[in-house]
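The block underneath contains the structure these notes are about, expressed in structure tokens.
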Protein chains: 2
Amino acid sequence: MIHDNGGSVKHRAAFFISDRTGITAETIGLSLISQFESINFNRITLPFVDSQDKAMEAAASINKAYEETGAHPIVFGTIITPEIRQIVRDTPCFYLDFFKTFIPGLEQELGVQSDNAIGKIHSVGNMNTYNTRIDAVNFALNYDDGARLQGYEESDIIIIGVSRCGKTPTCIYLALQYGIQAANYPITEEDLDELKLPKALQPHKKKIFGLSIDPQRLQNIRSERRPNSRYATPQQCMREVRAVEKLFLQENIPYITSTNLSIEELATKILVISGATRRIR
Amino acid sequence: MIHDNGGSVKHRAAFFISDRTGITAETIGLSLISQFESINFNRITLPFVDSQDKAMEAAASINKAYEETGAHPIVFGTIITPEIRQIVRDTPCFYLDFFKTFIPGLEQELGVQSDNAIGKIHSVGNMNTYNTRIDAVNFALNYDDGARLQGYEESDIIIIGVSRCGKTPTCIYLALQYGIQAANYPITEEDLDELKLPKALQPHKKKIFGLSIDPQRLQNIRSERRPNSRYATPQQCMREVRAVEKLFLQENIPYITSTNLSIEELATKILVISGATRRIR
């Protein structure tokens with residue numbers, strides 16, 4: 001996507017540089033540059049910049065980008081060690097220093113010194129949290145696509161919807177981000193003909209959450225998977241979506257439509273609306 | 001975990017408040033408070049604070065936390081709309097304003113106004129990116145635990161290791177975060193006896209990445225799953241780990257040890273070491 005601003009295209013390099021995974025730096029940086037749609041950013045993530053050598057390599061990349069674009073690269077940094085950070089800062093860049101910006105104020109407010117330790121956020125940390133996430137991911141896989149019909153009492157939530165409406169990635173994200181044990185179950189044509197919840201799910205109705213989707217979008221997704229099948233026809237998609245929404249209403253099942261939502265948004269909305277309790281926070 | 005600092009325990013409420021998913025606010029906030037281990041933070045995430053009513057509710061929660069702890073709650077905010085933000089700021093809190101802190105400097109450097117639009121970072125955005133992530137998640141599930149022996153040419157990476165060393169969550173994270181098509185394959189006792197790569201994998205050796213684990217940790221994990229089985233004995237775990245590492249060395253397969261790494265760290269390290277190309281960025 002290249003925008004033309006008054007005759008000159010605006011190109012910039014955006015670096016996300018960290019002494020650990022770079023996930024925080026990237027989250028911060030993407031969030032900020034998303035506010036400038038008129039600029040065409042070339043994004044470069046440099047994780048594990050944890051030595052002077054690696055900092056010199058990073059500095060070389062920044063210098064190169066500066067020469068190529070003729071503009072100061074924007075650098076989103078979460079480097080803790082001052083000597084390493086300084087090597088990166090000593091380049092012709094616009095450096096946004098995440099920790100340096102916020103830590104001094106926090107130290108003053110909290111009345112203690114910060115620990116100045118690198119990469120705590122995405123480290124293993126609490127082993128319970130780690131195990132909870134892994135267990136939740138395993139749960140999501142074991143209970144994906146109606147693979148098991150027993151053990152639903154262990155689930156925190158059961159997501160239902162027609163085939164290809166986004167159930168699986170939503171369950172996996174709920175597991176990874178929130179430690180929630182999410183099962184998912186595909187509503188079949190048979191269920192829709194009878195307009196009834198599948199038997200295995202009936203005792204767990206309170207945990208059920210519905211996912212719907214725009215029929216046109218469903219058709220696109222299904223066509224990529226099985227072109228020219230009945231499954232992917234406009235009529236079939238429309239019929240299934242109408243029926244499943246009718247089922248949700250009839251059974252008083254809360255539901256949302258996945259069409260314009262990212263996986264993160266779907267998962268978070270479901271968390272909020274269902275009132276399910278996060279197992280990690 | 002409660003710390004005693006000079007006779008008084010330090011408790012604080014930490015709020016992560018956003019007009020969208022709150023994932024950015026939480027990432028930022030957790031990253032900052034992880035630098036203050038001596039404080040016992042009570043964490044509260046409030047997503048979708050996108051109306052004056054919801055802002056008032058958030059303000060009430062902050063006021064309550066202030067009364068309970070006797071200290072200003074720390075608020076990590078990514079609220080774009082000024083009127084909504086102001087309601088939250090008008091509480092007895094220490095407000096760290098993510099956008100207000102960084103956007104003005106960026107506007108000046110970039111020479112354009114920011115779009116001032118809420119929640120762009122975790123919205124669907126580019127539909128290609130969305131599809132790539134979903135495809136990658138589906139790929140990881142289809143090729144989980146050696147479920148398929150054909151089609152490995154479609155994979156970006158194949159992670160191998162003994163049962164329960166962390167292959168599955170790593171593959172799923174690679175899919176969600178980076179859009180990478182990651183297969184995983186469990187190395188069985190038979191493979192280890194022969195000290196050979198499984199036949200199905202041999203043509204794809206360049207894409208193979210090894211995962212190892214501390215035998216003691218493996219034993220703990222396996223014991224939770226199948227207590228008192230041979231599979232979970234110290235001897236068995238030790239034997240398998242030694243043999244698989246020997247196989248990695250013999251076959252020149254790069255590998256890392258999962259023991260002290262989070263899912264994020266595992267995935268990012270594998271990305272860097274393998275040189276695999278991100279499909280989303």
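Every chain in the structure tokens takes a letter, A first, then B, and so on in the order presented; its residues are numbered from 1, and the ligands are numbered from 1 following the presented order.
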
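For Arg222 of chain B, the non-local neighbours within 12 Å, defined as residues at least 3 positions apart in the same chain or in other chains and counting only C-alpha atoms, are Val162, Ser163, Arg164, Cys165, Gly166, Pro215, Gln216, Arg217, Leu218, Gln219, Arg225, Arg226, Pro227, Asn228, Ser229, Arg230, Tyr231, Ala232, Thr233, Pro234, Gln236 and Cys237 of chain B.
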
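Residues surrounding Lys246 of chain A within 10 Å are A:Leu192, A:Leu195, A:Glu240, A:Asn252 [only C-alpha atoms; sequence separation below 6 positions excluded].
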
Written file, previous selection with C-alpha atoms, as a PDB file, in the first residue's frame:
ATOM      1  CA  LEU A 192     -29.632 -27.362  11.663  1.00  0.00           C
ATOM      2  CA  LEU A 195     -32.891 -26.958  14.868  1.00  0.00           C
ATOM      3  CA  GLU A 240     -26.458 -22.559   7.201  1.00  0.00           C
ATOM      4  CA  ASN A 252     -30.761 -18.201  24.062  1.00  0.00           C
TER       5      ASN A 252
END

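Non-sequential neighbours of Ile160 of chain A (distance at most 6 Å, separation of 4 or more positions within a chain, only C-alpha atoms) are Asn184, Tyr185, Pro186 and Gly210 of chain A.
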
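Note that the spacing between atom CA of Cys171 of chain A and atom CA of Glu190 of chain A amounts to 23.6 Å.
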
Between B:Tyr178, B:Phe94, B:Tyr66, B:Phe41, single out the one closest to Arg279 of chain B, counting only C-alpha atoms.
B:Tyr178

List the spatial neighbours of Lys64 of chain B as a ChimeraX atom specification - criterion: any atom at most 12 Å away, only C-alpha atoms, same-chain residues fewer than 5 positions off excluded.
/B:13,57-59,69-73,91-93

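Each of B:Thr277, B:Ala182, B:Ile84, B:Ala267 was checked against Arg20 of chain A using only C-alpha atoms; the smallest atom-to-atom distance is that of B:Ala267.
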
Extract, using only C-alpha atoms, all DNA, RNA and protein residues at most 12 Å from Tyr130 of chain A, discarding same-chain residues fewer than 3 positions from it, and format them as a VMD selection string.
(chain A and resid 122 to 127 133 to 137 175 to 179 279 to 281) or (chain B and resid 166 169 221 258 to 264)

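Residue neighbourhood of Val112 of chain A, excluding near-sequence residues (fewer than 4 positions): A:Ile103, A:Pro104, A:Gly105, A:Leu106, A:Glu107, A:Gln108, A:Asn116, B:Asn5, B:Gly6, B:Lys10, B:Ile33, B:Gln35, B:Phe36, B:Glu37, B:Ser38, B:Ile39, at 12 Å, using only C-alpha atoms.
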
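Distance annotation: of B:Met56, B:Ile62, B:Ile213, B:Ile157, the residue with the minimal separation from Gln86 of chain B is B:Met56; atom set is only C-alpha atoms.
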